[in-house]
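Next up, entry_12.txt (compact mmCIF, C-alpha atoms):
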```
# COMPACT_ATOMS: atom_id res chain seq x y z
CA MET W 1 65.81 -13.92 14.03
CA THR W 2 65.45 -10.44 15.53
CA ARG W 3 68.52 -9.07 17.29
CA ARG W 4 68.04 -6.24 19.76
CA ILE W 5 70.79 -3.61 19.80
CA VAL W 6 70.80 -0.89 22.47
CA GLN W 7 72.84 2.26 21.83
CA VAL W 8 73.65 4.31 24.95
CA LEU W 9 75.07 7.82 25.14
CA GLY W 10 75.47 10.51 27.77
CA SER W 11 74.88 14.22 27.92
CA SER W 12 77.46 15.19 25.29
CA ALA W 13 75.20 16.22 22.44
CA GLY W 14 77.75 17.29 19.82
CA GLY W 15 79.68 14.91 17.59
CA VAL W 16 78.87 11.87 19.74
CA ALA W 17 75.12 12.37 19.37
CA ARG W 18 75.45 12.90 15.62
CA HIS W 19 77.53 9.73 15.33
CA VAL W 20 74.93 7.73 17.28
CA ALA W 21 72.23 9.18 15.03
CA GLN W 22 74.20 8.09 11.99
CA ILE W 23 74.78 4.51 13.08
CA ALA W 24 71.28 4.07 14.51
CA SER W 25 69.84 5.12 11.17
CA ALA W 26 72.26 2.92 9.21
CA LEU W 27 71.62 -0.15 11.37
CA ALA W 28 67.86 0.38 11.14
CA GLU W 29 68.14 0.60 7.34
CA ALA W 30 70.27 -2.56 7.29
CA GLU W 31 67.18 -4.39 8.54
CA THR W 32 65.13 -3.39 5.48
CA GLU W 33 67.96 -4.20 3.09
CA GLY W 34 68.37 -7.69 4.47
CA GLY W 35 72.10 -7.38 4.90
CA ALA W 36 72.05 -7.92 8.64
CA GLY W 37 68.96 -9.93 9.28
CA ALA W 38 66.35 -8.42 11.54
CA LEU W 39 67.73 -5.65 13.77
CA GLN W 40 65.77 -3.82 16.43
CA VAL W 41 67.61 -0.62 17.38
CA GLN W 42 66.94 1.29 20.57
CA VAL W 43 68.75 4.47 21.61
CA VAL W 44 69.05 5.32 25.31
CA GLY W 45 70.25 8.68 26.59
CA PRO W 46 69.26 12.02 28.12
CA ALA W 47 66.00 13.48 26.87
CA ALA W 48 67.91 16.50 25.53
CA VAL W 49 69.58 14.42 22.78
CA GLU W 50 66.45 12.66 21.51
CA ARG W 51 65.86 15.09 18.66
CA THR W 52 69.46 14.84 17.48
CA VAL W 53 69.77 11.07 17.55
CA LEU W 54 66.40 10.33 15.98
CA GLY W 55 66.61 13.00 13.32
CA GLY W 56 67.84 10.56 10.70
CA THR W 57 65.59 7.58 11.33
CA THR W 58 62.05 6.69 12.33
CA ARG W 59 62.93 3.05 12.90
CA ALA W 60 64.95 3.38 16.10
CA ALA W 61 63.12 3.72 19.41
CA PHE W 62 64.31 6.14 22.09
CA ARG W 63 64.19 5.83 25.88
CA ALA W 64 65.22 8.72 28.10
CA VAL W 65 67.77 7.94 30.82
CA GLU W 66 69.65 10.86 32.36
CA ILE W 67 73.39 10.16 32.34
CA ALA W 68 75.21 13.07 33.93
CA ASP W 69 78.47 14.48 32.59
CA ARG W 70 80.15 14.26 36.00
CA PRO W 71 79.93 11.97 39.04
CA ARG W 72 76.63 12.23 40.92
CA PRO W 73 76.24 9.12 43.11
CA ALA W 74 72.45 9.13 43.41
CA ALA W 75 71.88 9.95 39.75
CA ASP W 76 74.51 7.43 38.62
CA ALA W 77 72.93 4.67 40.73
CA ARG W 78 69.53 5.48 39.25
CA ALA W 79 70.97 5.42 35.73
CA VAL W 80 72.56 1.99 36.33
CA ARG W 81 69.24 0.60 37.56
CA GLU W 82 67.40 1.92 34.52
CA LEU W 83 70.07 0.65 32.15
CA ARG W 84 69.95 -2.82 33.75
CA ARG W 85 66.24 -2.96 33.03
CA LEU W 86 66.55 -1.69 29.46
CA VAL W 87 69.49 -3.88 28.36
CA ARG W 88 68.37 -7.07 30.06
CA GLY W 89 68.04 -9.73 27.38
CA ALA W 90 69.41 -7.49 24.60
CA ASP W 91 71.85 -9.05 22.17
CA VAL W 92 74.23 -6.07 22.07
CA LEU W 93 74.83 -3.08 24.32
CA HIS W 94 76.87 -0.39 22.56
CA ALA W 95 77.72 2.59 24.75
CA HIS W 96 79.40 5.82 23.63
CA GLY W 97 81.70 7.90 25.81
CA LEU W 98 83.66 7.12 28.96
CA ARG W 99 81.00 7.83 31.62
CA ALA W 100 78.12 6.32 29.67
CA GLY W 101 80.35 3.37 28.86
CA ALA W 102 81.31 2.75 32.48
CA LEU W 103 77.71 2.95 33.73
CA ALA W 104 76.48 0.72 30.92
CA VAL W 105 79.19 -1.88 31.56
CA ILE W 106 78.36 -1.94 35.28
CA ALA W 107 74.68 -2.39 34.42
CA ALA W 108 75.41 -5.24 32.02
CA ARG W 109 77.90 -7.04 34.28
CA THR W 110 75.51 -7.09 37.22
CA LEU W 111 72.89 -8.98 35.20
CA PRO W 112 72.68 -12.78 35.27
CA ARG W 113 74.92 -14.21 32.57
CA ARG W 114 72.01 -15.57 30.52
CA ALA W 115 70.46 -12.06 30.37
CA ARG W 116 73.72 -10.21 29.74
CA PRO W 117 74.25 -8.57 26.33
CA ARG W 118 77.51 -8.47 24.44
CA SER W 119 78.98 -5.11 25.49
CA VAL W 120 80.82 -2.69 23.20
CA VAL W 121 82.06 0.76 24.23
CA THR W 122 83.27 3.47 21.87
CA LEU W 123 85.64 5.99 23.45
CA HIS W 124 85.28 9.35 21.71
CA ASN W 125 87.59 11.64 23.71
CA LEU W 126 90.88 11.70 25.56
CA PRO W 127 90.31 12.40 29.28
CA VAL W 128 91.70 15.84 30.10
CA GLY W 129 91.58 18.07 33.15
CA GLY W 130 93.09 18.43 36.59
CA ARG W 131 94.36 15.71 38.87
CA ALA W 132 90.93 14.87 40.29
CA VAL W 133 89.42 14.57 36.81
CA ARG W 134 92.27 12.37 35.62
CA THR W 135 91.95 10.13 38.67
CA VAL W 136 88.24 9.58 38.13
CA SER W 137 88.81 9.05 34.42
CA THR W 138 91.42 6.38 35.10
CA VAL W 139 88.92 4.46 37.25
CA LEU W 140 86.27 4.73 34.53
CA GLU W 141 88.76 3.60 31.88
CA LEU W 142 89.57 0.52 33.95
CA VAL W 143 85.88 -0.29 34.35
CA VAL W 144 85.31 0.02 30.60
CA ALA W 145 88.47 -1.79 29.51
CA ARG W 146 88.03 -4.76 31.84
CA GLY W 147 84.25 -4.98 31.65
CA ALA W 148 83.47 -4.52 27.95
CA ASP W 149 83.79 -7.32 25.43
CA VAL W 150 85.18 -4.88 22.85
CA VAL W 151 86.47 -1.33 23.19
CA LEU W 152 86.50 0.92 20.12
CA GLY W 153 88.59 4.10 20.08
CA VAL W 154 88.10 6.89 17.58
CA SER W 155 91.87 7.36 17.38
CA GLY W 156 94.88 5.13 17.72
CA ASP W 157 95.99 6.66 21.01
CA LEU W 158 92.66 5.76 22.62
CA VAL W 159 93.04 2.19 21.37
CA VAL W 160 96.51 2.00 22.94
CA ARG W 161 95.16 3.40 26.24
CA ALA W 162 92.35 0.86 26.33
CA SER W 163 94.80 -1.97 25.66
CA ALA W 164 97.08 -0.71 28.44
CA ARG W 165 94.10 -0.66 30.82
CA GLY W 166 93.45 -4.33 30.15
CA ALA W 167 90.92 -4.41 27.31
CA ARG W 168 90.33 -7.91 26.00
CA ALA W 169 89.78 -6.58 22.48
CA ALA W 170 90.32 -3.06 21.20
CA GLU W 171 90.35 -1.50 17.76
CA ARG W 172 89.95 1.81 15.99
CA ALA W 173 86.36 2.83 15.36
CA LEU W 174 85.32 4.03 11.94
CA VAL W 175 83.65 7.44 12.20
CA PRO W 176 82.79 9.05 8.87
CA ALA W 177 81.62 12.62 8.70
CA PRO W 178 77.82 12.92 8.61
CA THR W 179 76.42 13.22 5.11
CA THR W 180 76.10 16.88 4.19
CA ALA W 181 74.80 18.66 1.15
CA PRO W 182 77.41 19.91 -1.34
CA PRO W 183 78.16 23.62 -1.53
CA THR W 184 75.20 25.57 -2.88
CA ARG W 185 76.85 28.95 -3.59
CA SER W 186 79.80 29.96 -5.67
CA ARG W 187 83.14 30.76 -4.08
CA SER W 188 82.84 34.40 -5.11
CA ASP W 189 79.32 34.75 -3.67
CA VAL W 190 80.39 33.31 -0.30
CA ARG W 191 83.43 35.57 -0.08
CA ALA W 192 81.38 38.62 -1.04
CA ALA W 193 78.80 37.80 1.64
CA LEU W 194 81.61 37.56 4.20
CA GLY W 195 83.03 40.90 3.07
CA VAL W 196 86.38 39.51 1.96
CA PRO W 197 88.10 42.31 0.00
CA ASP W 198 89.48 41.67 -3.46
CA GLY W 199 93.01 40.35 -3.17
CA ALA W 200 92.59 39.19 0.42
CA SER W 201 92.88 35.56 1.52
CA LEU W 202 90.17 33.67 3.40
CA ALA W 203 91.01 31.24 6.19
CA VAL W 204 88.16 29.17 7.64
CA THR W 205 88.01 27.31 10.94
CA VAL W 206 84.99 25.24 11.96
CA ALA W 207 85.08 24.47 15.66
CA ARG W 208 83.15 24.53 18.88
CA LEU W 209 84.39 27.49 20.91
CA ALA W 210 85.76 25.33 23.71
CA PRO W 211 89.23 24.70 25.22
CA GLN W 212 89.77 21.44 23.29
CA LYS W 213 89.81 23.34 20.01
CA GLY W 214 92.95 25.36 20.84
CA LEU W 215 91.53 28.68 19.69
CA ASP W 216 94.03 30.63 21.76
CA THR W 217 96.65 29.25 19.38
CA LEU W 218 94.53 30.44 16.46
CA LEU W 219 94.45 33.99 17.81
CA ASP W 220 98.17 33.92 18.59
CA ALA W 221 98.86 32.84 15.00
CA ALA W 222 96.64 35.64 13.70
CA VAL W 223 98.79 38.11 15.65
CA LEU W 224 101.94 36.70 14.07
CA LEU W 225 100.46 36.77 10.57
CA GLY W 226 99.55 40.43 10.92
CA SER W 227 98.57 41.98 7.59
CA THR W 228 100.90 39.96 5.38
CA PRO W 229 99.27 38.45 3.44
CA ALA W 230 95.98 40.36 3.59
CA LEU W 231 93.80 37.96 5.50
CA VAL W 232 90.25 37.44 6.74
CA TRP W 233 90.00 34.51 9.17
CA VAL W 234 86.47 33.36 10.01
CA VAL W 235 85.53 30.92 12.76
CA ALA W 236 82.21 29.09 12.45
CA GLY W 237 80.85 27.69 15.69
CA ASP W 238 79.55 28.59 19.11
CA GLY W 239 80.48 27.57 22.62
CA PRO W 240 81.46 28.67 26.12
CA LEU W 241 84.55 30.66 25.08
CA GLU W 242 82.70 32.95 22.69
CA GLY W 243 82.80 35.98 24.99
CA VAL W 244 86.48 35.58 25.86
CA LEU W 245 87.51 35.12 22.24
CA ALA W 246 85.37 38.01 21.01
CA ALA W 247 86.90 40.33 23.61
CA ARG W 248 90.44 39.45 22.55
CA VAL W 249 89.63 39.86 18.85
CA ARG W 250 88.20 43.29 19.60
CA ASP W 251 90.92 44.44 21.99
CA GLU W 252 93.79 43.37 19.74
CA ASP W 253 92.07 44.28 16.46
CA LEU W 254 92.73 40.81 15.03
CA PRO W 255 91.70 39.81 11.48
CA VAL W 256 89.40 37.14 12.94
CA ARG W 257 85.61 37.08 12.73
CA LEU W 258 83.48 34.85 14.96
CA LEU W 259 80.51 33.84 12.83
CA GLY W 260 78.63 31.83 15.43
CA ARG W 261 76.83 28.62 14.53
CA ARG W 262 76.40 28.26 10.77
CA GLU W 263 74.29 26.05 8.55
CA ASP W 264 76.40 26.73 5.42
CA VAL W 265 79.64 25.02 6.48
CA PRO W 266 80.20 23.29 3.09
CA ASP W 267 79.96 26.68 1.38
CA LEU W 268 82.47 28.22 3.79
CA LEU W 269 84.94 25.36 3.42
CA ALA W 270 84.75 25.37 -0.38
CA ALA W 271 85.31 29.14 -0.49
CA ALA W 272 88.40 29.06 1.73
CA ASP W 273 91.96 29.54 0.57
CA VAL W 274 92.96 27.48 3.60
CA VAL W 275 91.01 25.54 6.23
CA VAL W 276 92.67 25.53 9.64
CA SER W 277 92.20 23.28 12.68
CA THR W 278 93.99 24.27 15.90
CA ALA W 279 92.67 21.51 18.19
CA VAL W 280 94.54 20.31 21.25
CA TRP W 281 93.07 16.84 20.73
CA GLU W 282 90.80 15.25 18.13
CA GLY W 283 89.54 11.78 17.41
CA GLN W 284 88.49 11.71 13.77
CA PRO W 285 87.75 15.41 13.27
CA ILE W 286 84.51 15.89 11.37
CA ALA W 287 85.33 19.39 10.10
CA VAL W 288 88.64 18.18 8.69
CA GLN W 289 86.89 15.31 6.92
CA GLU W 290 84.37 17.77 5.49
CA ALA W 291 87.21 20.02 4.32
CA LEU W 292 88.90 17.14 2.54
CA ARG W 293 85.63 16.24 0.84
CA VAL W 294 85.29 19.68 -0.72
CA GLY W 295 88.95 19.63 -1.82
CA ALA W 296 90.20 22.31 0.55
CA ALA W 297 93.83 23.03 1.43
CA VAL W 298 94.14 22.07 5.11
CA VAL W 299 96.54 23.13 7.86
CA ALA W 300 95.96 21.36 11.18
CA THR W 301 97.59 20.60 14.49
CA ASP W 302 98.93 17.06 14.73
CA ALA W 303 96.44 16.25 17.48
CA GLY W 304 95.13 12.80 18.42
CA GLY W 305 93.75 11.03 15.37
CA THR W 306 94.01 13.97 12.96
CA ARG W 307 96.94 12.43 11.08
CA GLU W 308 94.97 9.20 10.75
CA VAL W 309 92.29 11.19 8.91
CA THR W 310 94.44 13.43 6.72
CA GLY W 311 97.34 11.17 5.84
CA ASP W 312 99.68 13.29 3.70
CA ALA W 313 96.85 15.49 2.42
CA ALA W 314 97.37 18.32 4.95
CA VAL W 315 100.11 20.38 6.52
CA LEU W 316 100.37 19.25 10.15
CA VAL W 317 102.02 21.35 12.86
CA PRO W 318 102.71 20.72 16.55
CA VAL W 319 99.86 21.30 18.99
CA GLY W 320 100.04 24.73 20.63
CA SER W 321 102.74 26.16 18.36
CA ALA W 322 101.39 29.48 17.09
CA GLU W 323 104.70 30.13 15.32
CA ARG W 324 104.57 26.92 13.28
CA LEU W 325 100.87 27.39 12.59
CA ALA W 326 101.37 30.94 11.31
CA GLU W 327 104.31 29.82 9.17
CA ALA W 328 102.26 27.00 7.63
CA VAL W 329 99.25 29.20 6.94
CA ARG W 330 101.44 31.89 5.37
CA THR W 331 103.14 29.32 3.13
CA VAL W 332 99.85 27.88 1.91
CA LEU W 333 98.41 31.32 1.22
CA THR W 334 101.44 32.62 -0.67
CA ASP W 335 102.52 29.49 -2.57
CA ASP W 336 99.97 28.79 -5.31
CA ASP W 337 101.57 25.48 -6.31
CA ARG W 338 101.62 24.21 -2.73
CA ARG W 339 98.00 25.22 -2.20
CA GLU W 340 96.86 23.50 -5.39
CA ALA W 341 98.79 20.33 -4.49
CA LEU W 342 97.03 20.23 -1.12
CA ARG W 343 93.65 20.60 -2.81
CA VAL W 344 94.35 17.73 -5.18
CA GLY W 345 95.61 15.62 -2.28
CA ALA W 346 92.53 16.45 -0.21
CA SER W 347 90.17 15.17 -2.89
CA ALA W 348 92.19 11.98 -3.26
CA ARG W 349 92.29 11.42 0.49
CA ALA W 350 88.54 12.04 0.80
CA ALA W 351 87.90 9.11 -1.53
CA GLU W 352 89.77 6.86 0.93
CA LEU W 353 87.84 7.88 4.05
CA PRO W 354 85.40 5.34 5.51
CA ASP W 355 81.76 5.53 4.51
CA VAL W 356 78.63 4.50 6.37
CA ALA W 357 78.56 1.05 4.74
CA GLN W 358 82.02 0.33 6.13
CA VAL W 359 80.91 1.48 9.58
CA VAL W 360 77.94 -0.88 9.50
CA ALA W 361 80.17 -3.75 8.38
CA GLN W 362 82.59 -3.09 11.24
CA LEU W 363 79.81 -2.88 13.82
CA LEU W 364 78.07 -6.04 12.64
CA ARG W 365 81.37 -7.88 12.91
CA VAL W 366 82.09 -6.50 16.37
CA TYR W 367 78.52 -7.22 17.45
CA GLY W 368 78.90 -10.81 16.27
CA ALA W 369 76.00 -10.32 13.85
CA GLU W 370 77.96 -11.31 10.76
CA GLY W 371 79.63 -14.60 10.11
CA GLY W 372 82.87 -13.41 8.54
CA GLY W 373 85.57 -12.61 11.11
CA SER W 374 85.64 -12.72 14.87
CA ALA W 375 84.65 -9.82 17.05
CA GLY W 376 87.60 -7.80 18.22
CA ALA W 377 89.73 -8.42 15.15
CA ALA W 378 91.66 -5.30 14.28
CA SER W 379 90.50 -3.26 11.32
CA ASP W 380 92.64 -1.02 9.15
CA GLY W 381 94.52 1.38 11.38
CA GLY W 382 93.46 -0.39 14.56
CA ALA W 383 95.09 -2.52 17.22
CA ARG W 384 94.15 -5.51 19.29
CA ALA W 385 94.43 -6.28 22.96
CA ARG W 386 94.29 -9.85 24.22
```

Is it possible to express this structure as structure tokens?
Amino acid sequence: MTRRIVQVLGSSAGGVARHVAQIASALAEAETEGGAGALQVQVVGPAAVERTVLGGTTRAAFRAVEIADRPRPAADARAVRELRRLVRGADVLHAHGLRAGALAVIAARTLPRRARPRSVVTLHNLPVGGRAVRTVSTVLELVVARGADVVLGVSGDLVVRASARGARAAERALVPAPTTAPPTRSRSDVRAALGVPDGASLAVTVARLAPQKGLDTLLDAAVLLGSTPALVWVVAGDGPLEGVLAARVRDEDLPVRLLGRREDVPDLLAAADVVVSTAVWEGQPIAVQEALRVGAAVVATDAGGTREVTGDAAVLVPVGSAERLAEAVRTVLTDDDRREALRVGASARAAELPDVAQVVAQLLRVYGAEGGGSAGAASDGGARAR
């Protein structure tokens, strides 16, 4: 029996789009392997994300529906109408993100019961912003929590929020890092290409240059570190704060280099003496997972679900504390035994992180497409709301 699964996402094309690409591909492959019966996967979202979400599979169909990143009454009404048409009669509607989730839930709940799909929403981010933004976000959270059959949160705090908003079932989503190629260059070659002097340490941060990533804390910590130990700190990524950050690096002569978007992230992470994340909030940070997988020593802010990813295999410091961050980085760079222990712990922790097969198993259970276990049952690290 063919089951039709519709994946919906909004205009956020970063980690959310890559995650949707990953699960769409995995679910489509599950059809050929016979583990899930016949699955027909359709992805619905803005035309701009089509290339990203279909890059890993030719088996999922794509339909363009523009879902704006902020309230636009006419556009939102049009999106709901289109979603109603596309999800009518589907077995499962799985939406990603708060706005896409709210619009998708409204579309599903206004269908006749016999044509209404089972609705699942994955929340990928903590709502942040001013009072108006928080007010709108609260309304959307209530719509999602009370309208979806199951709410998945990429971190425990999002699961707790969904439960508090009245979710009938909520649990932690499994979000593995996308499969990436192993490092292709030696540590010495990468460091030479970056111009790291002999005897200097290399710190690597992989992050979108956006407020959520706390890069002001990174620069403040670089000031505190000064020239002891000798340090080159590279930041791989692009984003709206690039100009502001570059100006501060230049004006204060900081030992930080903005590399822009890079395609050799595994090489950079493997060459680092320390990998640093300064985020204000994270769900299941992809760059941190990638760092663990190459056995890097990690220092990170204790933000959102970061601790759920690292366990004891990283040094965690309070969000926004440049002093604690600088202290932790200095310790890792100057204490060889501590650095090696973190590397060993990172490799061990990486082996415990969820893989794509576990994600598929969780989704099939939540979708009700697998006989073992009821939808909404909490998985490892999750929580339930009844």

Give the answer as one residue: which of W:Ala221, W:Ala104, W:Ala64, W:Leu54 has the shortest atom-to-atom distance to Ala26 (chain W), using all atoms listed in the file?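 Of W:Ala221, W:Ala104, W:Ala64, W:Leu54, the one nearest Ala26 (chain W) is W:Leu54, counting all atoms listed in the file.
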
Quick check, in Å to one decimal: how far apart do CA of Glu340 (chain W) and CA of Leu218 (chain W) lie?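 Interatomic distance here is 23.0 Å.
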
At what distance in Å, to one decimal, does CA of Arg84 (chain W) lie from CA of Arg114 (chain W)?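 These two atoms are separated by 13.3 Å.
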
So the first atom is CA of Gly199 (chain W) and the second is CA of Pro266 (chain W); what is the distance between them in Å, to one decimal place?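 It comes out at 22.2 Å.
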
Which protein, DNA or RNA residues are at most 9 Å from (91.5, 6.6, 19.6) in the file's coordinates when you count all atoms listed in the file, listed as a VMD selection string? chain W and resid 123 to 126 152 to 162 171 to 173 282 to 284 304 to 305 382

Using only C-alpha atoms, which of the listed residues (W:Ala24, W:Trp281, W:Ala17, W:Ala164) sits closest to Pro127 (chain W)?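 Closest residue, counting only C-alpha atoms: W:Trp281.
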
Quick one: residues within 12 Å of region 106-113 of chain W, only C-alpha atoms counted, chain neighbours fewer than 3 positions away excluded, as a ChimeraX atom specification? /W:6,8,76-95,99-103,116-121,140,142-149

The residues within 12 Å of (71.8, 18.7, -0.4), using all atoms listed in the file and the coordinates of the file, should be reported as a list in words; which are they?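 All residues meeting the 12 Å criterion around (71.8, 18.7, -0.4) are Thr179, Thr180, Ala181, Pro182, Pro183, Thr184, Arg185, Glu263, Asp264, Pro266 and Asp267 of chain W.
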
Contacts of Leu225 (chain W) within 12 Å, all atoms listed in the file, excl. fewer than 2 positions in-chain, as a compact mmCIF listing (two decimals) with C-alpha atoms, in the frame of the given file:
```txt
# COMPACT_ATOMS: atom_id res chain seq x y z
CA SER W 201 92.88 35.56 1.52
CA ALA W 203 91.01 31.24 6.19
CA LEU W 218 94.53 30.44 16.46
CA LEU W 219 94.45 33.99 17.81
CA ASP W 220 98.17 33.92 18.59
CA ALA W 221 98.86 32.84 15.00
CA ALA W 222 96.64 35.64 13.70
CA VAL W 223 98.79 38.11 15.65
CA SER W 227 98.57 41.98 7.59
CA THR W 228 100.90 39.96 5.38
CA PRO W 229 99.27 38.45 3.44
CA ALA W 230 95.98 40.36 3.59
CA LEU W 231 93.80 37.96 5.50
CA VAL W 232 90.25 37.44 6.74
CA TRP W 233 90.00 34.51 9.17
CA LEU W 254 92.73 40.81 15.03
CA PRO W 255 91.70 39.81 11.48
CA VAL W 256 89.40 37.14 12.94
CA ALA W 322 101.39 29.48 17.09
CA GLU W 323 104.70 30.13 15.32
CA ARG W 324 104.57 26.92 13.28
CA LEU W 325 100.87 27.39 12.59
CA ALA W 326 101.37 30.94 11.31
CA GLU W 327 104.31 29.82 9.17
CA ALA W 328 102.26 27.00 7.63
CA VAL W 329 99.25 29.20 6.94
CA ARG W 330 101.44 31.89 5.37
CA THR W 331 103.14 29.32 3.13
CA LEU W 333 98.41 31.32 1.22
```

From the set W:Val49, W:Leu27, W:Val235, W:Val16, which residue has the shortest atom-to-atom contact distance to Leu259 (chain W), counting all atoms listed in the file?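 Of W:Val49, W:Leu27, W:Val235, W:Val16, the one nearest Leu259 (chain W), counting all atoms listed in the file, is W:Val235.
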
Might you pull out every residue within 9 Å of Phe62 (chain W), with only C-alpha atoms counted and same-chain residues fewer than 5 positions away left off, and present them as a PyMOL selection string? chain W and resi 41-45+47+50+53-54
